[in-house]
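J.: Submitted below is the structure of interest, expressed as C-alpha cells.
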Amino acid sequence: LNLIGWLQQPAVLLGFAAVFVLLAAASFDLVQLRLPSRLRDWVSRVGQHGQHARWGGSVLGSAVAGFLSALVVSPCVSAPLAGVLLSVSTVGNPLLGAAALFMLGLGLSLPLMLLGATEGRLLPKAGLWLDWVRQGFGLLLLAVALVLVGRIWQQPWLLGLWSALFFLLASWMASWAGRARWVSRAAAAMLGSWGLIVLAGLALGNSDPWHPLESSRTLLAPVAATPASP
C-alpha cells in the first residue's frame, strides 16, 4: 500500500508536527487536553466498581489495563520484535528463537510486574521535579515537530527556530534546583553554546542544524588547499 510514501506527504508531516506542537503546549499548561465528560464519568464508574467488587472488578480492571498498555507499548515494540523475528528466521533454530522472544517479552513485562507486585511503592514521589521533567518532554516534542518540518523545507529560517529551541533547552537545564546542579548547568552551557553556533549558521545561510557551519568549511577548503607562495 506504500504507507511509508503516504506518510511522507507534506500535509501528513505538517499535521503530525501540529499535533506535537499541541502536545508540547499541553506540557507547558498553555492548553488543557481533557477527555469528554461522558468518557471521564464512565472511567470513574469503572474504577469505583473495581474497588468495590472482589473478583469481577479486579479481573475487568486488569484486562482493561493490559489492553491499554498493549496499545501504548505496541508501536515501540514493533521494531525490536521485527528485528528478533528476522534474526530468528535467518538462524533457523527454534529453541534459540523461543528463548529470544521469551527474553524480549520478559524484559518488557518485568518492570510492569515489579510495579504491580509492590503496589506502586517503587514509583517516584510527586514533586516539583515532575513539572521540570514534563517541561523537558514538551521541549523534546517541539524538537520532533521541527524535525518533521525539516523534511519538507530545508530553509535557513529553520535554524532560527532550532537556535531558539536550544536556548530554551539551556534555560530549562539551568532551572534545575535539585541535586547535582553542576551537571545541569554544564549541560545548559553546552546547549547554549550550540544555540549560538546554530545562530551563526543562520547568518551564513545554512540550513542543517547539525552542521550549521558547513558553508564555512566549503569556503575555507580552497584556501587551505592553495600552496603557500615561496
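Chain labels A, B, ... are given in the sequence in which chains occur in the C-alpha cells; within each chain residues are numbered consecutively from 1, and ligands are likewise numbered from 1 in the order shown.
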What's around Leu104 of chain A at 10 Å? Count only C-alpha atoms, leave out sequence neighbours fewer than 4 positions away in its own chain, and write the answer as a list of chain:residue names.

T.: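 Here the answer would be A:Val77, A:Pro80, A:Leu81, A:Val84, A:Ala98, A:Ala99, A:Ala100, A:Leu108, A:Ser109.
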
J.: Please provide the set of residues having any atom within 6 Å of Val198 of chain A, restricted to only C-alpha atoms, with same-chain residues fewer than 2 positions apart removed, written as a ChimeraX atom specification.

T.: /A:163,195-196,200-201,212

J.: With distances taken over only C-alpha atoms, which residue among A:Ala177, A:Trp194, A:Leu148, A:Trp157 lies nearest Phe16 of chain A?

T.: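 Of A:Ala177, A:Trp194, A:Leu148, A:Trp157, the one nearest Phe16 of chain A, counting only C-alpha atoms, is A:Leu148.
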
J.: By how many Å are atom CA of Leu199 of chain A and atom CA of Trp153 of chain A apart?

T.: 17.8 Å

J.: List the neighbours of Ala26 of chain A out to 10 Å using only C-alpha atoms; skip same-chain residues closer than 5 positions along the sequence, and give me the result as a VMD selection string.

T.: chain A and resid 20 to 21 31 to 33 134 to 135 138

J.: Can you pull out the residues contacting Gly97 of chain A? Cut-off 10 Å, using only C-alpha atoms, and skip same-chain residues under 5 positions away; I want them as number ranges by chain.

T.: A: 84-89, 91-92, 102-103

J.: What would the file look like if the residues just selected were written as an mmCIF file, in the first residue's frame with N, CA, C and O atoms?

T.:
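Written out: again_24.cif:
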data_model
loop_
_atom_site.group_PDB
_atom_site.id
_atom_site.type_symbol
_atom_site.label_atom_id
_atom_site.label_comp_id
_atom_site.auth_asym_id
_atom_site.auth_seq_id
_atom_site.Cartn_x
_atom_site.Cartn_y
_atom_site.Cartn_z
ATOM 1 N N VAL A 84 13.985 -9.182 15.949
ATOM 2 C CA VAL A 84 14.172 -10.507 16.549
ATOM 3 C C VAL A 84 13.633 -11.596 15.630
ATOM 4 O O VAL A 84 14.272 -12.646 15.425
ATOM 5 N N LEU A 85 12.464 -11.369 15.037
ATOM 6 C CA LEU A 85 11.897 -12.362 14.129
ATOM 7 C C LEU A 85 12.773 -12.558 12.899
ATOM 8 O O LEU A 85 12.951 -13.683 12.416
ATOM 9 N N LEU A 86 13.337 -11.461 12.380
ATOM 10 C CA LEU A 86 14.222 -11.581 11.229
ATOM 11 C C LEU A 86 15.484 -12.353 11.589
ATOM 12 O O LEU A 86 15.955 -13.216 10.820
ATOM 13 N N SER A 87 16.044 -12.080 12.769
ATOM 14 C CA SER A 87 17.238 -12.798 13.198
ATOM 15 C C SER A 87 16.949 -14.273 13.424
ATOM 16 O O SER A 87 17.738 -15.148 13.045
ATOM 17 N N VAL A 88 15.799 -14.578 14.026
ATOM 18 C CA VAL A 88 15.430 -15.970 14.276
ATOM 19 C C VAL A 88 15.215 -16.722 12.962
ATOM 20 O O VAL A 88 15.610 -17.886 12.807
ATOM 21 N N SER A 89 14.605 -16.045 11.991
ATOM 22 C CA SER A 89 14.357 -16.707 10.715
ATOM 23 C C SER A 89 15.646 -17.015 9.968
ATOM 24 O O SER A 89 15.724 -18.002 9.226
ATOM 25 N N VAL A 91 18.612 -17.663 11.503
ATOM 26 C CA VAL A 91 19.339 -18.694 12.240
ATOM 27 C C VAL A 91 18.706 -20.060 12.020
ATOM 28 O O VAL A 91 19.402 -21.066 11.806
ATOM 29 N N GLY A 92 17.383 -20.146 12.075
ATOM 30 C CA GLY A 92 16.699 -21.401 11.850
ATOM 31 C C GLY A 92 16.712 -22.336 13.037
ATOM 32 O O GLY A 92 16.524 -23.542 12.881
ATOM 33 N N PHE A 102 11.104 -15.029 24.324
ATOM 34 C CA PHE A 102 10.778 -15.049 25.752
ATOM 35 C C PHE A 102 11.520 -13.948 26.501
ATOM 36 O O PHE A 102 10.942 -13.256 27.349
ATOM 37 N N MET A 103 12.794 -13.758 26.192
ATOM 38 C CA MET A 103 13.560 -12.713 26.864
ATOM 39 C C MET A 103 13.063 -11.325 26.476
ATOM 40 O O MET A 103 13.064 -10.404 27.307
#

J.: Could you find all residues in segment 47-196 of chain A that DSSP calls helix (DSSP H, G or I) from the backbone, and write them as a ChimeraX atom specification?

T.: /A:47-52,56-91,94-117,128-150,157-174,181-196

J.: A:Leu169, A:Pro209, A:Ala79, A:Arg121: which is nearest Val147 of chain A, counting only C-alpha atoms?

T.: A:Pro209

J.: Report the distance between atom CA of Leu68 of chain A and atom CA of Ala126 of chain A in Å, rounded to one decimal place.

T.: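 Those two atoms sit 23.3 Å apart.
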
J.: For a test of reading the model, state the distance in Å between atom CA of Ala186 of chain A and atom CA of Trp132 of chain A, rounded to one decimal.

T.: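 These two atoms are separated by 17.2 Å.
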